[in-house]
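K.L.:
The structure follows.
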Amino acid sequence: MARSRPKPEGPAGGPGPERLQKYLAQRGLGSRRAIEEWIRAQRITVNGRIAELGLKVTQLDDIRLDGRQIRLRAAVSAQAFMFNRSAGDPLRPEDAVRVAREADGPRAALVERLPRSAGKRFVAVSPMPGVDGGLELVTSDGELATRLQRVFARLTSEFTVRVKGLLGPDQLAGVKSGKLDRPTRMVIDALSSSEADLEGANRWYSVTARGASGKDIRQLFERQGALVSRVMRISMGSLALDKSLSRGQYRQLTEEELSALLKSPASPEPETADP
């Protein structure tokens with residue numbers, strides 16, 4: 001029987017060389033996709049030389065981004081956090097910059113409330129549009145973020161949508177059709193509303209769809225002429241907001257929750273929209 005080759009060890013018996021984009025992603029610098037873009041743009045150097053995709057590195061290499069040395073935390077077990085974001089609150093620092101331009105003053109990003117040990121740069125999995133809110137999922141582990149983004153396409157999520165007035169039969173049929181601006185048709189599992197969902201001149205609708213982002217849901221209603229004032233995500237796959245998580249608060253996902261997300265069953269392929 002052939003013996004498997006042992007993995008090469010790194011300095012002091014540590015892990016062996018790893019591809020640069022994986023090495024940086026696992027240490028919270030960003031998503032693997034973003035890091036690959038930096039490498040292509042020749043923004044990263046290793047030991048004074050411009051890095052290339054596939055280059056392998058260890059902890060002893062001098063890695064720099066835009067000429068500045070990257071100080072990395074050690075790789076830790078993958079962590080993900082769930083926020084209950086109020087509509088309009090900035091999730092990440094880049095969102096806070098946009099909000100500061102549009103509002104009267106700066107507002108702190110929600111991820112800044114996370115413990116320092118969780119990382120410095122966070123990737124959001126299908127973040128809601130800035131004007132909307134609800135369930136948000138973030139991680140500083142770029143490798144995990146990439147896996148979750150891939151899984152998201154087959155997750156079923158539930159949203160509540162506040163529109164002005166009551167949608168007519170044709171508008172409801174249009175929403176149920178799942179037709180978007182791009183040439184795919186969203187799978188709508190449920191659409192409902194009741195008298196209890198009235199809020200002044202507005203009405204809340206509940207919609208359950210597969211692989212749908214908040215941007216998709218807003219577009220789905222606006223295509224039917226609906227005046228949408230707010231979209232809130234209340235569940236994503238096996239995750240759901242409940243009363244234990246107040247607005248603006250977060251909690252870390254358990255290993256069981258994370259495993260359930262990553263093992264979500266496949267959904268049917270999206271339908272091609274009629275021309």
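All residue names refer to the structure tokens as shown: chains lettered A, B, ... in order, residues numbered from 1 in each chain, ligands numbered from 1 in order.
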Any chance you could list, as a ChimeraX atom specification, the residues in stretch 96-199 of chain A that come up alpha helix (DSSP H) when DSSP is run on the backbone?
P.N.:
/A:96-102,142-152,169-177
K.L.:
If we count only C-alpha atoms and set the cut-off at 9 Å, which residues sit around A:Gln219, ignoring sequence neighbours fewer than 5 positions away in its own chain? Please answer as a PyMOL selection string.
P.N.:
chain A and resi 180-181+214+224
K.L.:
Go ahead and save the residues from that selection, with C-alpha atoms, as a PDB file, in the first residue's frame.
P.N.:
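Generated file (part_38.pdb):
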ATOM      1  CA  LEU A 180     -35.847  40.813 -12.297  1.00  0.00           C
ATOM      2  CA  ASP A 181     -33.891  43.183 -14.523  1.00  0.00           C
ATOM      3  CA  GLY A 214     -32.156  42.585  -0.349  1.00  0.00           C
ATOM      4  CA  GLN A 224     -44.379  46.564 -10.229  1.00  0.00           C
TER       5      GLN A 224
END
K.L.:
Can you tell me how far atom CA of A:Arg85 sits from atom CA of A:Arg27, in Å to one decimal?
P.N.:
25.6 Å
K.L.:
Which parts of stretch 154-211 of chain A does DSSP call strand (DSSP E or B) when run on the backbone here, written out as a VMD selection string?
P.N.:
chain A and resid 156 to 164 179 185 187 to 192 198 to 199 202 to 210
K.L.:
Can those selected residues be exported to a file as a compact mmCIF listing (two decimals), in the first residue's frame so that it contains C-alpha atoms?
P.N.:
# COMPACT_ATOMS: atom_id res chain seq x y z
CA THR A 156 -34.11 30.42 1.30
CA SER A 157 -34.52 33.80 2.98
CA GLU A 158 -37.54 35.69 4.31
CA PHE A 159 -38.00 39.45 4.01
CA THR A 160 -40.60 41.97 5.09
CA VAL A 161 -41.25 44.82 2.66
CA ARG A 162 -43.02 48.09 3.53
CA VAL A 163 -44.82 49.74 0.61
CA LYS A 164 -47.16 52.68 0.33
CA LYS A 179 -38.87 38.52 -12.76
CA ARG A 185 -36.28 34.55 -12.55
CA VAL A 187 -38.00 31.51 -7.12
CA ILE A 188 -40.73 32.93 -4.83
CA ASP A 189 -41.92 30.41 -2.26
CA ALA A 190 -44.44 32.63 -0.45
CA LEU A 191 -45.96 36.11 -0.54
CA SER A 192 -48.47 37.30 2.05
CA LEU A 198 -51.18 47.90 8.11
CA GLU A 199 -49.06 50.85 9.32
CA ASN A 202 -48.26 51.71 4.47
CA ARG A 203 -48.58 47.96 4.32
CA TRP A 204 -46.01 45.29 5.15
CA TYR A 205 -45.63 42.28 2.87
CA SER A 206 -43.79 39.09 3.77
CA VAL A 207 -41.91 37.36 0.95
CA THR A 208 -39.87 34.16 1.00
CA ALA A 209 -37.45 33.59 -1.87
CA ARG A 210 -34.41 31.47 -2.73
K.L.:
Which distance in Å separates atom CA of A:Leu60 and atom CA of A:Ala145, to one decimal?
P.N.:
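Result for atom CA of A:Leu60 versus atom CA of A:Ala145: 25.8 Å, one decimal.
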K.L.:
Residues of stretch 128-192 of chain A that have any atom at most 9 Å from an atom of stretch 261-265 of chain A: could you tabulate them with the shortest-distance atom pair and the distance in Å to one decimal, using only C-alpha atoms, ordered by chain and increasing number, as a tab-separated table?
P.N.:
residue	atom	partner	partner_atom	distance
A:Arg147	CA	A:Leu262	CA	7.4
A:Leu148	CA	A:Leu262	CA	6.6
A:Val151	CA	A:Leu262	CA	6.3
A:Phe152	CA	A:Leu261	CA	8.6
A:Arg154	CA	A:Pro265	CA	7.3
A:Leu155	CA	A:Ser264	CA	6.9
K.L.:
Would you please work out which residue, of A:Gly142, A:Gly165, A:Gly130, A:Gly16, is nearest to A:Ser86 when using only C-alpha atoms?
P.N.:
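Checking each of A:Gly142, A:Gly165, A:Gly130, A:Gly16 against A:Ser86, counting only C-alpha atoms, the winner is A:Gly130.
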K.L.:
Find the residues around A:Gln79 up to 9 Å (only C-alpha atoms counted), leave out those fewer than 2 positions away in its own chain, and share them as a PyMOL selection string.
P.N.:
chain A and resi 76-77+81+118+138-141+144+252-255+258
K.L.:
Need to verify the contact set: A:Val46, 8 Å, only C-alpha atoms, exclusion of same-chain residues closer than 5 positions in sequence. Can you return it as a compact mmCIF listing (two decimals) with N, CA and C atoms, in the first residue's frame?
P.N.:
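After the write, selection.txt holds the following:
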# COMPACT_ATOMS: atom_id res chain seq x y z
N ALA A 51 4.16 40.17 -6.13
CA ALA A 51 3.57 38.84 -5.97
C ALA A 51 2.77 38.43 -7.21
N ASP A 61 7.95 35.31 5.63
CA ASP A 61 8.04 36.19 4.47
C ASP A 61 7.61 37.61 4.81
N ASP A 62 8.23 38.57 4.17
CA ASP A 62 7.90 39.98 4.33
C ASP A 62 6.83 40.32 3.28
N ILE A 63 5.59 40.44 3.72
CA ILE A 63 4.46 40.68 2.82
C ILE A 63 3.98 42.11 3.01
N ARG A 64 3.84 42.84 1.90
CA ARG A 64 3.45 44.25 1.97
C ARG A 64 2.32 44.55 1.00
